[in-house]
>>> print(open('run31.txt').read())   # compact mmCIF, C-alpha atoms
# COMPACT_ATOMS: atom_id res chain seq x y z
CA MET A 1 10.58 -1.39 13.33
CA ILE A 2 8.85 -0.10 10.21
CA ALA A 3 5.71 1.87 9.56
CA ARG A 4 3.60 0.84 6.57
CA VAL A 5 1.66 3.85 5.33
CA VAL A 6 -1.14 3.69 2.76
CA ILE A 7 -2.24 6.95 1.14
CA MET A 8 -5.34 6.86 -1.04
CA PRO A 9 -7.39 9.45 -2.90
CA LYS A 10 -10.47 10.37 -0.85
CA ARG A 11 -13.83 9.04 -1.95
CA GLY A 12 -15.23 11.38 -4.56
CA VAL A 13 -11.82 12.60 -5.69
CA LEU A 14 -11.13 11.77 -9.33
CA ASP A 15 -8.48 9.07 -9.77
CA PRO A 16 -7.39 9.13 -13.42
CA GLN A 17 -4.57 6.60 -12.93
CA GLY A 18 -7.00 4.12 -11.40
CA LYS A 19 -9.46 4.67 -14.27
CA ALA A 20 -6.69 4.13 -16.85
CA ILE A 21 -5.61 0.89 -15.20
CA CYS A 22 -9.23 -0.29 -15.04
CA SER A 23 -9.68 0.38 -18.78
CA SER A 24 -6.45 -1.46 -19.59
CA LEU A 25 -7.52 -4.46 -17.50
CA HIS A 26 -10.84 -4.58 -19.38
CA ALA A 27 -9.03 -4.35 -22.70
CA MET A 28 -6.93 -7.33 -21.61
CA GLY A 29 -10.01 -9.38 -20.78
CA TYR A 30 -10.16 -8.95 -17.01
CA ASP A 31 -13.84 -8.07 -17.03
CA GLU A 32 -14.34 -9.13 -13.40
CA VAL A 33 -12.70 -5.87 -12.29
CA ASP A 34 -15.34 -3.24 -11.58
CA ASP A 35 -13.21 -0.33 -10.37
CA VAL A 36 -9.59 0.51 -9.54
CA ARG A 37 -8.25 3.10 -7.09
CA MET A 38 -4.57 3.88 -7.02
CA GLY A 39 -2.63 5.26 -4.09
CA LYS A 40 0.81 5.28 -2.54
CA PHE A 41 2.50 2.83 -0.20
CA LEU A 42 5.40 3.94 1.99
CA GLU A 43 7.65 1.90 4.23
CA LEU A 44 9.41 4.03 6.86
CA ARG A 45 12.25 2.22 8.61
CA PHE A 46 13.16 3.53 12.07
CA VAL A 47 16.56 3.68 13.69
CA ASP A 48 15.25 1.81 16.75
CA GLY A 49 12.50 -0.56 17.76
CA ALA A 50 10.61 1.80 20.05
CA ALA A 51 6.86 1.61 19.56
CA GLY A 52 4.10 3.11 21.65
CA GLU A 53 1.95 6.19 21.62
CA GLU A 54 4.68 8.70 20.89
CA ARG A 55 5.79 6.89 17.74
CA VAL A 56 2.21 6.56 16.57
CA ALA A 57 1.68 10.28 17.15
CA ARG A 58 4.85 11.18 15.25
CA VAL A 59 3.99 8.99 12.24
CA LYS A 60 0.53 10.59 12.19
CA SER A 61 2.19 13.98 12.22
CA MET A 62 4.54 12.98 9.34
CA CYS A 63 1.50 11.93 7.30
CA GLU A 64 -0.40 15.13 8.03
CA ARG A 65 2.54 17.48 7.46
CA LEU A 66 4.37 15.85 4.54
CA LEU A 67 3.29 12.47 3.22
CA ALA A 68 -0.41 12.95 2.49
CA ASN A 69 -2.34 15.90 1.10
CA GLY A 70 -5.25 16.15 3.53
CA VAL A 71 -7.44 17.95 1.01
CA ILE A 72 -7.59 15.08 -1.47
CA GLU A 73 -5.99 12.07 0.28
CA ASP A 74 -6.70 9.82 3.26
CA PHE A 75 -3.97 7.90 5.05
CA ARG A 76 -3.69 4.92 7.37
CA PHE A 77 -0.64 3.19 8.82
CA GLU A 78 0.53 0.33 11.00
CA LEU A 79 3.74 -0.23 12.94
CA VAL A 80 5.41 -3.59 12.37
CA ASP A 81 8.43 -5.28 13.91
CA ASP A 82 10.53 -6.45 10.98
CA GLY A 83 13.43 -7.96 12.89
CA SER A 84 15.64 -4.85 12.57
CA PRO A 85 18.31 -4.39 15.21
CA GLY A 86 16.57 -2.76 18.15
CA ASP A 87 13.26 -4.53 17.61
CA GLY A 88 12.10 -6.65 20.48
CA PRO A 89 14.03 -5.63 23.59
CA ARG A 90 13.04 -1.98 23.30
CA GLY A 91 9.67 -2.67 21.70
CA PRO A 92 6.47 -2.95 23.70
CA ALA A 93 5.52 -6.18 25.47
CA ARG A 94 3.35 -8.38 23.29
CA MET B 95 -14.61 -8.33 -2.80
CA ILE B 96 -11.50 -6.27 -3.34
CA ALA B 97 -7.85 -7.07 -3.96
CA ARG B 98 -5.29 -4.90 -2.17
CA VAL B 99 -2.11 -4.88 -4.21
CA VAL B 100 1.22 -3.49 -2.97
CA ILE B 101 3.94 -2.86 -5.56
CA MET B 102 7.39 -1.95 -4.26
CA PRO B 103 10.79 -1.36 -5.86
CA LYS B 104 12.94 -4.48 -5.52
CA ARG B 105 15.75 -4.47 -2.99
CA GLY B 106 18.77 -2.87 -4.59
CA VAL B 107 16.76 -0.82 -7.04
CA LEU B 108 17.27 2.90 -6.52
CA ASP B 109 14.21 4.64 -5.07
CA PRO B 110 14.72 8.40 -5.55
CA GLN B 111 11.23 9.32 -4.29
CA GLY B 112 11.84 7.41 -1.07
CA LYS B 113 15.21 9.10 -0.63
CA ALA B 114 13.67 12.55 -1.18
CA ILE B 115 10.95 11.88 1.38
CA CYS B 116 13.56 10.62 3.87
CA SER B 117 15.62 13.82 3.44
CA SER B 118 12.52 15.98 3.89
CA LEU B 119 11.56 14.12 7.07
CA HIS B 120 15.07 14.67 8.46
CA ALA B 121 14.90 18.37 7.57
CA MET B 122 11.62 18.55 9.49
CA GLY B 123 13.20 16.98 12.57
CA TYR B 124 12.02 13.40 12.23
CA ASP B 125 15.47 11.96 12.81
CA GLU B 126 14.13 8.60 13.98
CA VAL B 127 13.46 7.67 10.34
CA ASP B 128 16.35 5.69 8.91
CA ASP B 129 15.12 4.90 5.41
CA VAL B 130 12.02 5.30 3.25
CA ARG B 131 10.86 3.15 0.35
CA MET B 132 7.98 4.28 -1.80
CA GLY B 133 5.69 2.07 -3.83
CA LYS B 134 2.17 1.86 -5.17
CA PHE B 135 -1.04 0.67 -3.59
CA LEU B 136 -3.96 -0.49 -5.72
CA GLU B 137 -7.46 -1.46 -4.73
CA LEU B 138 -9.20 -3.56 -7.36
CA ARG B 139 -12.94 -3.89 -6.80
CA PHE B 140 -14.58 -6.96 -8.35
CA VAL B 141 -18.05 -7.27 -9.81
CA ASP B 142 -18.80 -10.28 -7.58
CA GLY B 143 -17.68 -11.83 -4.31
CA ALA B 144 -16.12 -14.98 -5.77
CA ALA B 145 -12.80 -15.83 -4.17
CA GLY B 146 -10.72 -18.96 -4.52
CA GLU B 147 -7.77 -20.15 -6.51
CA GLU B 148 -8.93 -18.88 -9.88
CA ARG B 149 -9.32 -15.31 -8.62
CA VAL B 150 -5.91 -15.46 -6.93
CA ALA B 151 -4.37 -16.72 -10.17
CA ARG B 152 -6.02 -13.98 -12.22
CA VAL B 153 -4.92 -11.18 -9.86
CA LYS B 154 -1.38 -12.59 -9.99
CA SER B 155 -1.58 -12.54 -13.77
CA MET B 156 -2.83 -8.90 -13.75
CA CYS B 157 0.16 -7.95 -11.61
CA GLU B 158 2.63 -9.76 -13.83
CA ARG B 159 1.18 -8.54 -17.13
CA LEU B 160 0.18 -4.96 -16.33
CA LEU B 161 0.40 -3.63 -12.78
CA ALA B 162 4.01 -4.34 -11.81
CA ASN B 163 7.24 -4.18 -13.76
CA GLY B 164 8.87 -7.50 -12.88
CA VAL B 165 12.35 -6.22 -13.68
CA ILE B 166 12.38 -3.57 -10.97
CA GLU B 167 9.29 -4.18 -8.83
CA ASP B 168 7.94 -6.83 -6.47
CA PHE B 169 4.24 -7.23 -5.77
CA ARG B 170 2.05 -8.82 -3.14
CA PHE B 171 -1.72 -8.83 -2.72
CA GLU B 172 -4.56 -10.00 -0.55
CA LEU B 173 -8.24 -10.57 -1.27
CA VAL B 174 -10.63 -8.96 1.19
CA ASP B 175 -14.42 -9.04 1.60
CA ASP B 176 -15.48 -5.42 1.88
CA GLY B 177 -19.22 -5.92 2.13
CA SER B 178 -19.86 -5.29 -1.57
CA PRO B 179 -23.00 -6.85 -3.04
CA GLY B 180 -22.08 -10.42 -3.89
CA ASP B 181 -19.69 -10.85 -0.98
CA GLY B 182 -20.64 -13.57 1.41
CA PRO B 183 -23.13 -15.91 -0.27
CA ARG B 184 -20.89 -16.55 -3.26
CA GLY B 185 -17.62 -16.22 -1.35
CA PRO B 186 -15.79 -19.20 0.12
CA ALA B 187 -16.81 -20.66 3.48
CA ARG B 188 -14.84 -19.15 6.34
>>> encode(input="run31.txt", output="structure tokens")
Amino acid sequence: MIARVVIMPKRGVLDPQGKAICSSLHAMGYDEVDDVRMGKFLELRFVDGAAGEERVARVKSMCERLLANGVIEDFRFELVDDGSPGDGPRGPAR
Amino acid sequence: MIARVVIMPKRGVLDPQGKAICSSLHAMGYDEVDDVRMGKFLELRFVDGAAGEERVARVKSMCERLLANGVIEDFRFELVDDGSPGDGPRGPAR
């Protein structure tokens, strides 16, 4: 079981890395790109395959307390079975 | 039309940021986390809604030439209609 977490700068927050990449892409001839936003991608691997509301709540709490800066960043995540030991039998019915 | 690009350290490449986050999560009591890998997430917004093989090939080329470091990083991406002007009429049939 893994959680895939995406953390992006909020709308309206300056994103200098994204702007720099966009300029570089234009300089290389990729004029079809209008804008670039850059964020972070985290894969959290869990020791077991348990899913469900408690896991969702705990990942949300990890994002709010450590992974994302709520003032300038938004986050979203999904839980995915990746075939780790423990996935399946202890996971939710699907 | 946007491209969502995920760039992750290759398997076997040291990921000190991921390790640091994993240690912090443990120190905060999130012992269910076994491992953390940290990468980058990019959203490229296009000036039009055209999809198709050429766009896929050009995004792949952007990743290979600029966005990812092929020695230490893997990338994957998907093209998504996000309701920008130009999406739909000029996009592929679906």
>>> closest_residue(input="run31.txt", among="B:Ile101, B:Ala121, B:Val165, B:Met132", to="chain A", atoms="only C-alpha atoms")
B:Met132
>>> interface_residues(input="run31.txt", of="chain B", to="chain A", cutoff="6 Å", atoms="all atoms listed in the file", output="PyMOL selection string")
chain B and resi 126-141
>>> atom_distance(input="run31.txt", atom1="atom CA of A:Glu54", atom2="atom CA of B:Lys113")
24.0 Å
>>> atom_distance(input="run31.txt", atom1="atom CA of A:Cys63", atom2="atom CA of A:Arg11")
18.1 Å
>>> closest_residue(input="run31.txt", among="B:His120, B:Gly143, B:Pro103, B:Val150", to="B:Asp176", atoms="only C-alpha atoms")
B:Gly143
>>> atom_distance(input="run31.txt", atom1="atom CA of A:Gly29", atom2="atom CA of B:Gly164")
20.6 Å
>>> build_atoms(input="run31.txt", residues="stretch 8-31 of chain A", atoms="N, CA, C and O atoms", output="PDB file, keeping the file's coordinate frame")
ATOM      1  N   MET A   8      -4.405   7.070   0.066  1.00  0.00           N
ATOM      2  CA  MET A   8      -5.340   6.860  -1.040  1.00  0.00           C
ATOM      3  C   MET A   8      -6.108   8.135  -1.338  1.00  0.00           C
ATOM      4  O   MET A   8      -6.353   8.938  -0.422  1.00  0.00           O
ATOM      5  N   PRO A   9      -6.505   8.324  -2.604  1.00  0.00           N
ATOM      6  CA  PRO A   9      -7.390   9.450  -2.900  1.00  0.00           C
ATOM      7  C   PRO A   9      -8.690   9.301  -2.112  1.00  0.00           C
ATOM      8  O   PRO A   9      -9.215   8.195  -1.977  1.00  0.00           O
ATOM      9  N   LYS A  10      -9.191  10.412  -1.571  1.00  0.00           N
ATOM     10  CA  LYS A  10     -10.470  10.370  -0.850  1.00  0.00           C
ATOM     11  C   LYS A  10     -11.591   9.930  -1.780  1.00  0.00           C
ATOM     12  O   LYS A  10     -11.525  10.140  -2.996  1.00  0.00           O
ATOM     13  N   ARG A  11     -12.625   9.345  -1.188  1.00  0.00           N
ATOM     14  CA  ARG A  11     -13.830   9.040  -1.950  1.00  0.00           C
ATOM     15  C   ARG A  11     -14.344  10.308  -2.617  1.00  0.00           C
ATOM     16  O   ARG A  11     -14.416  11.352  -1.972  1.00  0.00           O
ATOM     17  N   GLY A  12     -14.694  10.218  -3.875  1.00  0.00           N
ATOM     18  CA  GLY A  12     -15.230  11.380  -4.560  1.00  0.00           C
ATOM     19  C   GLY A  12     -14.173  12.170  -5.306  1.00  0.00           C
ATOM     20  O   GLY A  12     -14.496  12.963  -6.175  1.00  0.00           O
ATOM     21  N   VAL A  13     -12.899  11.929  -4.960  1.00  0.00           N
ATOM     22  CA  VAL A  13     -11.820  12.600  -5.690  1.00  0.00           C
ATOM     23  C   VAL A  13     -11.494  11.778  -6.932  1.00  0.00           C
ATOM     24  O   VAL A  13     -11.347  10.556  -6.850  1.00  0.00           O
ATOM     25  N   LEU A  14     -11.407  12.449  -8.067  1.00  0.00           N
ATOM     26  CA  LEU A  14     -11.130  11.770  -9.330  1.00  0.00           C
ATOM     27  C   LEU A  14      -9.788  11.050  -9.251  1.00  0.00           C
ATOM     28  O   LEU A  14      -8.824  11.587  -8.701  1.00  0.00           O
ATOM     29  N   ASP A  15      -9.709   9.835  -9.803  1.00  0.00           N
ATOM     30  CA  ASP A  15      -8.480   9.070  -9.770  1.00  0.00           C
ATOM     31  C   ASP A  15      -8.160   8.583 -11.187  1.00  0.00           C
ATOM     32  O   ASP A  15      -8.459   7.452 -11.563  1.00  0.00           O
ATOM     33  N   PRO A  16      -7.585   9.475 -12.004  1.00  0.00           N
ATOM     34  CA  PRO A  16      -7.390   9.130 -13.420  1.00  0.00           C
ATOM     35  C   PRO A  16      -6.466   7.935 -13.641  1.00  0.00           C
ATOM     36  O   PRO A  16      -6.684   7.144 -14.564  1.00  0.00           O
ATOM     37  N   GLN A  17      -5.448   7.766 -12.774  1.00  0.00           N
ATOM     38  CA  GLN A  17      -4.570   6.600 -12.930  1.00  0.00           C
ATOM     39  C   GLN A  17      -5.353   5.300 -12.713  1.00  0.00           C
ATOM     40  O   GLN A  17      -5.183   4.326 -13.442  1.00  0.00           O
ATOM     41  N   GLY A  18      -6.176   5.307 -11.676  1.00  0.00           N
ATOM     42  CA  GLY A  18      -7.000   4.120 -11.400  1.00  0.00           C
ATOM     43  C   GLY A  18      -7.916   3.811 -12.570  1.00  0.00           C
ATOM     44  O   GLY A  18      -8.072   2.663 -12.985  1.00  0.00           O
ATOM     45  N   LYS A  19      -8.537   4.863 -13.143  1.00  0.00           N
ATOM     46  CA  LYS A  19      -9.460   4.670 -14.270  1.00  0.00           C
ATOM     47  C   LYS A  19      -8.705   4.107 -15.481  1.00  0.00           C
ATOM     48  O   LYS A  19      -9.206   3.224 -16.186  1.00  0.00           O
ATOM     49  N   ALA A  20      -7.481   4.607 -15.703  1.00  0.00           N
ATOM     50  CA  ALA A  20      -6.690   4.130 -16.850  1.00  0.00           C
ATOM     51  C   ALA A  20      -6.334   2.660 -16.681  1.00  0.00           C
ATOM     52  O   ALA A  20      -6.414   1.867 -17.630  1.00  0.00           O
ATOM     53  N   ILE A  21      -5.956   2.288 -15.456  1.00  0.00           N
ATOM     54  CA  ILE A  21      -5.610   0.890 -15.200  1.00  0.00           C
ATOM     55  C   ILE A  21      -6.840   0.005 -15.395  1.00  0.00           C
ATOM     56  O   ILE A  21      -6.765  -1.071 -15.996  1.00  0.00           O
ATOM     57  N   CYS A  22      -7.997   0.478 -14.903  1.00  0.00           N
ATOM     58  CA  CYS A  22      -9.230  -0.290 -15.040  1.00  0.00           C
ATOM     59  C   CYS A  22      -9.561  -0.521 -16.523  1.00  0.00           C
ATOM     60  O   CYS A  22      -9.885  -1.640 -16.930  1.00  0.00           O
ATOM     61  N   SER A  23      -9.419   0.524 -17.329  1.00  0.00           N
ATOM     62  CA  SER A  23      -9.680   0.380 -18.780  1.00  0.00           C
ATOM     63  C   SER A  23      -8.720  -0.615 -19.409  1.00  0.00           C
ATOM     64  O   SER A  23      -9.120  -1.439 -20.240  1.00  0.00           O
ATOM     65  N   SER A  24      -7.439  -0.531 -19.018  1.00  0.00           N
ATOM     66  CA  SER A  24      -6.450  -1.460 -19.590  1.00  0.00           C
ATOM     67  C   SER A  24      -6.783  -2.900 -19.202  1.00  0.00           C
ATOM     68  O   SER A  24      -6.658  -3.809 -20.021  1.00  0.00           O
ATOM     69  N   LEU A  25      -7.179  -3.101 -17.940  1.00  0.00           N
ATOM     70  CA  LEU A  25      -7.520  -4.460 -17.500  1.00  0.00           C
ATOM     71  C   LEU A  25      -8.703  -4.997 -18.309  1.00  0.00           C
ATOM     72  O   LEU A  25      -8.703  -6.161 -18.739  1.00  0.00           O
ATOM     73  N   HIS A  26      -9.707  -4.146 -18.563  1.00  0.00           N
ATOM     74  CA  HIS A  26     -10.840  -4.580 -19.380  1.00  0.00           C
ATOM     75  C   HIS A  26     -10.395  -4.946 -20.788  1.00  0.00           C
ATOM     76  O   HIS A  26     -10.812  -5.949 -21.350  1.00  0.00           O
ATOM     77  N   ALA A  27      -9.516  -4.095 -21.339  1.00  0.00           N
ATOM     78  CA  ALA A  27      -9.030  -4.350 -22.700  1.00  0.00           C
ATOM     79  C   ALA A  27      -8.260  -5.662 -22.769  1.00  0.00           C
ATOM     80  O   ALA A  27      -8.197  -6.301 -23.832  1.00  0.00           O
ATOM     81  N   MET A  28      -7.678  -6.085 -21.650  1.00  0.00           N
ATOM     82  CA  MET A  28      -6.930  -7.330 -21.610  1.00  0.00           C
ATOM     83  C   MET A  28      -7.802  -8.523 -21.236  1.00  0.00           C
ATOM     84  O   MET A  28      -7.299  -9.641 -21.091  1.00  0.00           O
ATOM     85  N   GLY A  29      -9.097  -8.277 -21.030  1.00  0.00           N
ATOM     86  CA  GLY A  29     -10.010  -9.380 -20.780  1.00  0.00           C
ATOM     87  C   GLY A  29     -10.333  -9.639 -19.315  1.00  0.00           C
ATOM     88  O   GLY A  29     -11.025 -10.604 -18.993  1.00  0.00           O
ATOM     89  N   TYR A  30      -9.857  -8.778 -18.439  1.00  0.00           N
ATOM     90  CA  TYR A  30     -10.160  -8.950 -17.010  1.00  0.00           C
ATOM     91  C   TYR A  30     -11.463  -8.227 -16.668  1.00  0.00           C
ATOM     92  O   TYR A  30     -11.462  -7.214 -15.970  1.00  0.00           O
ATOM     93  N   ASP A  31     -12.564  -8.771 -17.174  1.00  0.00           N
ATOM     94  CA  ASP A  31     -13.840  -8.070 -17.030  1.00  0.00           C
ATOM     95  C   ASP A  31     -14.417  -8.163 -15.626  1.00  0.00           C
ATOM     96  O   ASP A  31     -15.403  -7.498 -15.314  1.00  0.00           O
TER      97      ASP A  31
END
